[in-house]
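Below: query-v8.cif (mmCIF, C-alpha atoms)
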```cif
data_upload
#
loop_
_atom_site.label_atom_id
_atom_site.label_comp_id
_atom_site.auth_asym_id
_atom_site.auth_seq_id
_atom_site.Cartn_x
_atom_site.Cartn_y
_atom_site.Cartn_z
CA MET A 1 216.81 156.39 161.85
CA ALA A 2 218.29 159.85 162.07
CA HIS A 3 218.22 161.50 165.50
CA ILE A 4 215.98 164.31 164.20
CA GLN A 5 213.27 164.48 161.55
CA LEU A 6 215.22 165.09 158.32
CA PRO A 7 213.77 165.23 154.80
CA GLU A 8 213.55 161.62 153.62
CA GLY A 9 215.71 160.03 150.96
CA LEU A 10 218.57 162.50 151.18
CA PRO A 11 221.86 160.74 151.93
CA GLY A 12 224.42 161.76 154.56
CA ILE A 13 225.03 165.47 154.90
CA ILE A 14 222.42 166.39 152.29
CA GLY A 15 219.62 165.75 154.82
CA PRO A 16 220.83 168.23 157.48
CA LEU A 17 221.83 170.71 154.75
CA ALA A 18 218.24 170.70 153.46
CA PHE A 19 216.93 170.86 157.05
CA SER A 20 218.96 174.01 157.80
CA PRO A 21 219.47 176.22 154.72
CA GLY A 22 220.92 179.11 156.74
CA THR A 23 223.90 177.03 157.85
CA ALA A 24 224.06 175.02 154.60
CA LYS A 25 225.17 178.03 152.61
CA PRO A 26 228.44 178.77 154.49
CA LEU A 27 229.12 175.03 154.96
CA LEU A 28 228.96 174.45 151.19
CA GLU A 29 230.89 177.61 150.35
CA LEU A 30 233.64 176.49 152.70
CA ALA A 31 233.82 173.05 151.03
CA GLU A 32 233.84 174.62 147.57
CA THR A 33 236.65 177.05 148.44
CA LEU A 34 238.74 174.44 150.24
CA LEU A 35 238.34 171.60 147.74
CA ARG A 36 237.82 173.32 144.41
CA GLY A 37 238.93 176.96 144.73
CA PRO A 38 242.08 178.22 142.94
CA ASN A 39 245.01 176.47 144.60
CA THR A 40 248.47 175.05 143.91
CA LEU A 41 247.18 171.73 145.33
CA THR A 42 245.00 169.90 142.82
CA SER A 43 241.38 169.09 143.66
CA ALA A 44 242.38 165.40 143.62
CA GLU A 45 245.01 166.08 146.30
CA ARG A 46 242.59 168.11 148.43
CA GLU A 47 239.82 165.49 148.10
CA MET A 48 242.35 162.86 149.19
CA ILE A 49 243.08 164.86 152.36
CA ALA A 50 239.31 165.04 152.98
CA ALA A 51 238.89 161.28 152.37
CA HIS A 52 241.87 160.41 154.61
CA VAL A 53 240.57 162.47 157.54
CA SER A 54 237.00 161.16 157.10
CA TYR A 55 238.35 157.60 157.02
CA ARG A 56 240.23 158.23 160.27
CA ASN A 57 237.06 159.68 161.80
CA GLU A 58 235.22 156.54 160.63
CA CYS A 59 232.60 158.62 158.86
CA ASN A 60 231.36 156.22 156.21
CA PHE A 61 229.37 158.68 154.12
CA CYS A 62 232.11 161.33 153.96
CA GLN A 63 234.96 158.93 153.34
CA LEU A 64 233.11 157.14 150.52
CA SER A 65 231.79 160.28 148.84
CA HIS A 66 235.12 162.12 148.97
CA SER A 67 237.02 158.99 147.93
CA ALA A 68 234.73 158.87 144.91
CA ALA A 69 235.30 162.58 144.22
CA ALA A 70 239.10 162.10 144.46
CA ALA A 71 238.91 159.04 142.19
CA ALA A 72 236.80 160.97 139.67
CA HIS A 73 239.50 163.66 139.56
CA LEU A 74 242.06 160.84 139.05
CA LYS A 75 240.30 159.22 136.07
CA GLY A 76 238.87 156.48 138.25
CA ASN A 77 242.03 155.50 140.17
CA TYR A 78 240.30 154.07 143.25
CA ASP A 79 243.39 152.01 144.12
CA LEU A 80 245.43 155.11 144.82
CA VAL A 81 242.65 156.61 146.92
CA GLU A 82 242.42 153.41 148.97
CA GLN A 83 246.19 153.55 149.63
CA ILE A 84 245.93 157.19 150.69
CA LYS A 85 243.14 156.47 153.15
CA VAL A 86 244.77 153.54 154.86
CA ASN A 87 248.49 154.31 154.70
CA PRO A 88 249.57 157.48 152.92
CA GLU A 89 253.28 156.91 153.67
CA THR A 90 253.47 153.94 151.30
CA ALA A 91 251.14 155.39 148.64
CA ALA A 92 252.38 156.40 145.19
CA VAL A 93 252.05 160.16 145.76
CA SER A 94 254.55 163.03 146.10
CA ASP A 95 256.58 163.49 149.29
CA LYS A 96 254.88 166.85 149.69
CA LEU A 97 251.41 165.30 149.71
CA LYS A 98 252.58 162.59 152.14
CA ALA A 99 253.84 165.30 154.49
CA LEU A 100 250.57 167.24 154.21
CA LEU A 101 248.57 164.05 154.86
CA ALA A 102 250.69 163.43 157.96
CA ILE A 103 249.75 166.93 159.20
CA ALA A 104 246.09 166.27 158.37
CA GLY A 105 246.26 163.02 160.38
CA LYS A 106 247.62 164.94 163.38
CA VAL A 107 244.87 167.55 163.11
CA GLN A 108 242.33 164.71 163.13
CA GLN A 109 243.72 163.51 166.47
CA GLY A 110 243.80 167.03 167.92
CA GLY A 111 245.15 170.38 166.82
CA LYS A 112 247.95 170.50 169.40
CA LEU A 113 249.53 167.31 168.03
CA VAL A 114 250.84 169.13 164.94
CA THR A 115 254.55 169.67 165.66
CA SER A 116 257.19 171.99 164.22
CA GLU A 117 258.84 168.85 162.80
CA ASP A 118 255.66 167.99 160.88
CA ILE A 119 255.64 171.48 159.40
CA ALA A 120 259.39 171.43 158.65
CA ARG A 121 258.97 168.15 156.80
CA ALA A 122 256.21 169.58 154.61
CA ARG A 123 258.24 172.71 153.92
CA GLN A 124 261.32 170.66 153.08
CA HIS A 125 259.29 168.90 150.39
CA GLY A 126 258.22 172.21 148.92
CA ALA A 127 254.91 172.95 150.67
CA THR A 128 254.08 176.65 150.92
CA ASP A 129 252.49 178.33 153.92
CA LYS A 130 249.22 178.48 152.03
CA GLU A 131 249.34 174.75 151.26
CA ILE A 132 250.06 173.97 154.91
CA HIS A 133 247.25 176.29 156.02
CA ASP A 134 244.83 174.70 153.58
CA ALA A 135 245.79 171.12 154.51
CA VAL A 136 245.15 172.01 158.17
CA LEU A 137 241.85 173.70 157.41
CA ILE A 138 240.60 170.87 155.16
CA ALA A 139 241.41 168.40 157.94
CA ALA A 140 239.80 170.65 160.56
CA ALA A 141 236.69 171.21 158.45
CA PHE A 142 236.23 167.46 157.95
CA CYS A 143 236.41 166.95 161.70
CA MET A 144 233.34 169.18 161.65
CA TYR A 145 231.51 167.70 158.64
CA ASN A 146 232.14 164.14 159.90
CA ARG A 147 230.67 164.96 163.32
CA TYR A 148 227.73 166.73 161.72
CA VAL A 149 226.88 163.68 159.59
CA ASP A 150 227.31 161.07 162.32
CA GLY A 151 226.21 163.20 165.29
CA LEU A 152 222.73 163.32 163.73
CA ALA A 153 222.84 159.64 162.68
CA THR A 154 221.95 160.50 159.08
CA TRP A 155 220.74 157.90 156.61
CA GLN A 156 223.51 156.63 154.31
CA PRO A 157 223.34 154.43 151.22
CA HIS A 158 225.18 151.10 151.30
CA GLU A 159 225.67 150.53 147.56
CA PRO A 160 229.09 151.71 146.32
CA GLU A 161 227.50 152.82 143.01
CA ALA A 162 225.61 155.57 144.83
CA TYR A 163 228.91 157.07 145.93
CA ARG A 164 230.50 156.64 142.52
CA ASP A 165 227.81 158.82 140.95
CA MET A 166 228.01 161.30 143.80
CA GLY A 167 231.80 161.57 143.43
CA GLU A 168 231.57 162.15 139.70
CA GLN A 169 229.01 164.86 140.21
CA LEU A 170 231.07 166.52 142.96
CA ALA A 171 234.19 166.42 140.79
CA ARG A 172 232.32 167.81 137.79
CA GLU A 173 229.98 170.35 139.34
CA GLY A 174 231.28 171.05 142.83
CA TYR A 175 229.53 171.91 146.06
CA VAL A 176 227.63 175.12 145.50
CA ARG A 177 225.82 174.19 142.29
CA ASN A 178 222.16 173.49 142.87
CA ARG A 179 222.99 170.59 145.07
CA PHE A 180 221.24 171.84 148.07
CA GLN A 181 218.30 173.32 146.15
CA GLU A 182 217.90 169.83 144.68
CA GLY A 183 217.69 168.58 148.24
CA GLU A 184 215.17 171.24 149.08
CA LYS A 185 213.04 170.31 146.07
CA ALA A 186 213.20 166.64 147.00
CA ALA A 187 212.20 167.57 150.53
CA GLN A 188 209.19 169.48 149.28
CA ALA A 189 208.13 166.77 146.81
CA MET B 1 255.59 180.94 167.07
CA PRO B 2 252.76 180.02 164.71
CA HIS B 3 253.46 177.17 162.27
CA ILE B 4 253.10 179.49 159.30
CA ALA B 5 253.89 183.19 158.79
CA LEU B 6 250.85 185.01 160.18
CA THR B 7 250.36 188.74 160.70
CA GLU B 8 251.93 189.55 164.06
CA GLY B 9 249.93 190.66 167.06
CA LEU B 10 246.63 189.04 166.06
CA PRO B 11 245.38 186.66 168.75
CA GLY B 12 244.16 183.11 168.18
CA ILE B 13 242.04 182.52 165.13
CA ARG B 14 242.38 186.09 163.88
CA GLY B 15 245.86 185.40 162.48
CA PRO B 16 244.75 182.53 160.20
CA MET B 17 241.62 184.48 159.32
CA VAL B 18 243.60 187.41 157.96
CA PHE B 19 245.98 184.97 156.23
CA SER B 20 243.16 183.31 154.31
CA PRO B 21 240.29 185.72 153.59
CA GLU B 22 238.59 183.38 151.10
CA THR B 23 238.00 180.74 153.77
CA THR B 24 237.34 183.32 156.48
CA LYS B 25 234.12 184.47 154.88
CA PRO B 26 232.24 181.16 155.04
CA LEU B 27 233.72 180.42 158.50
CA CYS B 28 232.51 183.77 159.85
CA ASP B 29 229.15 183.40 158.12
CA LEU B 30 228.71 179.99 159.73
CA VAL B 31 229.59 181.16 163.24
CA GLN B 32 227.46 184.26 162.79
CA VAL B 33 224.37 182.20 161.87
CA LEU B 34 225.00 179.60 164.57
CA LEU B 35 225.79 181.89 167.49
CA THR B 36 224.07 185.19 166.80
CA GLY B 37 221.16 184.48 164.42
CA PRO B 38 217.51 184.48 165.61
CA HIS B 39 216.99 181.44 167.78
CA THR B 40 215.02 179.81 170.56
CA LEU B 41 218.34 179.23 172.36
CA THR B 42 219.73 182.51 173.72
CA PRO B 43 223.13 183.76 172.51
CA ALA B 44 224.46 183.02 176.01
CA GLU B 45 223.28 179.38 175.73
CA ARG B 46 224.84 178.92 172.30
CA GLU B 47 228.11 180.53 173.42
CA MET B 48 228.11 178.12 176.38
CA ILE B 49 227.90 175.16 174.00
CA ALA B 50 230.87 176.60 172.04
CA THR B 51 232.77 177.24 175.26
CA TYR B 52 232.13 173.79 176.70
CA VAL B 53 233.27 172.01 173.52
CA SER B 54 236.38 174.22 173.30
CA SER B 55 237.13 173.38 176.91
CA GLU B 56 236.75 169.64 176.19
CA ASN B 57 239.12 170.16 173.23
CA ASP B 58 241.52 171.94 175.60
CA CYS B 59 241.64 174.91 173.24
CA TYR B 60 242.61 177.75 175.55
CA TYR B 61 241.95 180.62 173.16
CA CYS B 62 238.49 179.47 172.07
CA GLN B 63 237.23 178.60 175.53
CA GLN B 64 238.43 181.93 176.96
CA CYS B 65 237.10 183.93 174.08
CA HIS B 66 233.68 182.28 173.85
CA GLY B 67 233.52 181.91 177.64
CA SER B 68 233.92 185.68 178.00
CA THR B 69 231.32 186.25 175.32
CA ALA B 70 228.87 183.97 177.14
CA ALA B 71 229.59 185.75 180.44
CA GLN B 72 229.05 189.13 178.79
CA HIS B 73 225.71 187.94 177.43
CA LEU B 74 224.75 186.91 180.97
CA GLY B 75 225.50 190.40 182.25
CA GLY B 76 229.29 190.52 182.55
CA LYS B 77 229.44 190.42 186.35
CA PRO B 78 232.28 188.50 188.08
CA SER B 79 229.67 185.92 189.14
CA ASP B 80 228.77 185.38 185.45
CA TYR B 81 232.42 184.56 184.68
CA GLU B 82 232.44 182.20 187.68
CA PHE B 83 229.29 180.54 186.39
CA ILE B 84 230.95 179.87 183.02
CA ALA B 85 233.98 178.35 184.78
CA GLU B 86 231.65 176.05 186.77
CA MET B 87 229.72 175.14 183.63
CA LYS B 88 232.96 174.02 181.93
CA GLN B 89 233.94 171.93 184.96
CA ASP B 90 230.62 170.23 185.65
CA PHE B 91 227.54 171.57 183.87
CA GLU B 92 225.30 168.88 185.39
CA SER B 93 225.57 170.45 188.83
CA THR B 94 224.95 174.05 187.75
CA SER B 95 221.62 175.89 187.84
CA LEU B 96 221.24 175.57 184.05
CA SER B 97 217.88 174.36 182.74
CA ALA B 98 217.39 170.61 182.29
CA LYS B 99 217.15 171.26 178.55
CA MET B 100 220.52 173.05 178.41
CA LYS B 101 222.14 170.27 180.42
CA ALA B 102 220.79 167.71 177.98
CA LEU B 103 222.07 169.75 175.01
CA LEU B 104 225.52 170.15 176.60
CA ASN B 105 225.56 166.38 177.07
CA VAL B 106 224.88 165.96 173.33
CA ALA B 107 227.61 168.52 172.52
CA GLY B 108 230.10 166.63 174.70
CA LYS B 109 229.33 163.42 172.80
CA VAL B 110 229.82 165.16 169.45
CA GLN B 111 233.22 166.37 170.66
CA LYS B 112 234.26 162.74 171.27
CA GLY B 113 233.02 161.76 167.81
CA GLY B 114 229.69 161.87 165.99
CA LYS B 115 228.88 158.21 166.64
CA HIS B 116 229.05 158.76 170.40
CA VAL B 117 225.67 160.54 170.30
CA THR B 118 223.06 157.92 171.25
CA SER B 119 219.28 157.84 170.84
CA ALA B 120 219.08 158.05 174.64
CA ASP B 121 221.07 161.34 174.59
CA VAL B 122 218.71 162.77 171.99
CA GLU B 123 215.61 161.46 173.79
CA ARG B 124 216.76 163.10 177.00
CA ALA B 125 217.07 166.46 175.19
CA ARG B 126 213.66 166.02 173.59
CA ARG B 127 212.05 165.04 176.91
CA GLU B 128 213.36 168.28 178.41
CA GLY B 129 211.71 170.22 175.61
CA ALA B 130 214.45 170.57 172.98
CA THR B 131 213.20 170.91 169.41
CA ASP B 132 214.76 169.24 166.37
CA LYS B 133 216.25 172.59 165.37
CA GLU B 134 217.82 173.04 168.80
CA ILE B 135 219.29 169.53 168.65
CA HIS B 136 220.52 170.11 165.08
CA ASP B 137 222.14 173.41 166.00
CA THR B 138 223.75 171.98 169.13
CA VAL B 139 225.33 169.22 167.04
CA LEU B 140 226.55 171.70 164.43
CA ILE B 141 227.91 174.23 166.98
CA ALA B 142 229.76 171.39 168.71
CA ALA B 143 231.05 170.04 165.37
CA ALA B 144 232.16 173.50 164.23
CA PHE B 145 234.17 174.03 167.40
CA CYS B 146 235.90 170.70 166.82
CA MET B 147 237.70 172.28 163.87
CA GLU B 148 240.39 173.33 166.40
CA ILE B 149 241.90 175.76 163.94
CA VAL B 150 243.80 177.72 166.58
CA PRO B 151 245.88 174.93 168.13
CA SER B 152 246.50 173.40 164.71
CA ILE B 153 247.96 176.50 163.13
CA VAL B 154 249.07 178.69 166.02
CA GLU B 155 251.37 176.80 168.38
CA SER B 156 249.98 176.50 171.88
CA SER B 157 252.65 178.61 173.58
CA GLY B 158 252.03 181.49 171.20
CA SER B 159 248.28 181.27 171.46
CA ARG B 160 248.41 181.25 175.25
CA VAL B 161 250.06 184.63 175.35
CA ALA B 162 247.63 185.90 172.75
CA ALA B 163 244.67 184.42 174.58
CA ARG B 164 245.47 186.30 177.80
CA TYR B 165 245.20 189.47 175.81
CA ALA B 166 242.12 188.25 174.00
CA THR B 167 240.27 187.29 177.17
CA SER B 168 240.09 190.88 178.28
CA THR B 169 238.71 192.21 175.02
CA CYS B 170 237.02 189.74 172.74
CA GLY B 171 233.99 188.88 174.84
CA VAL B 172 233.05 192.52 174.84
CA ASN B 173 233.75 192.93 171.14
CA PHE B 174 231.58 189.98 170.14
CA CYS B 175 228.69 191.38 172.14
CA ASP B 176 228.87 194.58 170.15
CA SER B 177 226.32 194.46 167.43
CA ASP B 178 228.55 193.33 164.56
CA GLY B 179 229.35 189.97 166.10
CA PHE B 180 231.70 187.79 164.15
CA SER B 181 231.86 189.91 161.04
CA LEU B 182 234.31 192.03 163.07
CA PHE B 183 237.07 189.80 161.65
#
```
Written as structure tokens, how would this file's structure read?
Amino acid sequence: MAHIQLPEGLPGIIGPLAFSPGTAKPLLELAETLLRGPNTLTSAEREMIAAHVSYRNECNFCQLSHSAAAAAHLKGNYDLVEQIKVNPETAAVSDKLKALLAIAGKVQQGGKLVTSEDIARARQHGATDKEIHDAVLIAAAFCMYNRYVDGLATWQPHEPEAYRDMGEQLAREGYVRNRFQEGEKAAQA
Amino acid sequence: MPHIALTEGLPGIRGPMVFSPETTKPLCDLVQVLLTGPHTLTPAEREMIATYVSSENDCYYCQQCHGSTAAQHLGGKPSDYEFIAEMKQDFESTSLSAKMKALLNVAGKVQKGGKHVTSADVERARREGATDKEIHDTVLIAAAFCMEIVPSIVESSGSRVAARYATSTCGVNFCDSDGFSLF
């Protein structure tokens, strides 16, 4: 049972987004820009940062849906996404992405824990200021989304297939398509 | 020194906001709706939730900035600033309404992590008259201020200097009609 009366049958964040359209718009625009906007980091890399932070925040809905989105961008490579979530340092990804994931992990624990050494490491492996900024802001934003989803005790599906479909749709169509209007329609139905 | 090359002389979150205009828009839109839009909670009450969460996150810039804004909404007298300081320390023993205390309790739980919010916390808020929208918005304000963008990007020493400057000006600026679109 969610803590407040949300439209029924809408999983995770979709419930509160439909409940509060005024805040849904900027929340979805932020996700779209951060995860799918023009960037030197691929959408797969950015979704992996989102999944890693959500995993660390123990937000089941966010970590499964963004894992699925990352995997969809990676032609179904769930193994790599699992490695990234649990231990990025030993995962088969670039040193730059490992360094950015380390920064994201620090942000998850608290903004002040990001050190100059963390930044120097990322820069040494070729990360630009924009990539560092975006890794920090993705991590920061998921500390928000994760708390939003769990702070309201939203309903979340248990079947992995539900997330697989969700991830494919997110990878294909993104966050500001008619996703939230769909939720609104479902709420009215 | 900030971790990345930001425009000099801009305090706290304003540096990253100028650095990344494409993310600034939705962030400002969100804060604008949450803190200044039409609401059954007053702007002062919503700024207090932002201030309390920033204080729990030990984010100096955000708690000073939103604390001053809250104090300005209350009237801007020295006693209003003192009230905000007391609220951050121990809101349960202030003269705030029982509903606001219950909402600040929810916000504090969100700061620790979403799963810390219990049915009992929510029931307490509802018993004191909070609506679902007020509970929803409290959770989202608290969650939004857990982004901790300032300490993550702008090193704490740098932001402290900036925040001293900001404290004297930003509360007043935010109370001017344009609110957060000022960025």
Could you tell me which residues the PyMOL selection byres ((chain B) within 8 of (chain A)) grabs in this file, written as number ranges by chain? B: 3-5, 16, 22-23, 26-27, 29-30, 33-34, 57, 110-111, 113-117, 119, 122, 132, 135-136, 139-140, 143-153, 155-156
Region 88-103 of chain B: which residues within 12 Å, counting only C-alpha atoms, same-chain residues fewer than 6 positions away excluded, as a count of residues only? 51
Which value, in Å to one decimal, gives the distance between CA of Ile49 (chain A) and CA of Thr7 (chain B)? 26.3 Å
Matched chain/residue IDs from the PyMOL selection byres ((chain A and resi 85) around 9), as a count of residues only: 18
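Of the residues listed (B:Gln32, B:Lys112, B:Phe83, B:Gly12), B:Phe83 shows the shortest atom-to-atom separation from Ser68 (chain B); distances use only C-alpha atoms.
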When you draw a straight line from CA of Gly76 (chain A) to CA of Leu17 (chain A), how long is it in Å?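 Straight-line distance from CA of Gly76 (chain A) to CA of Leu17 (chain A) works out to 27.7 Å.
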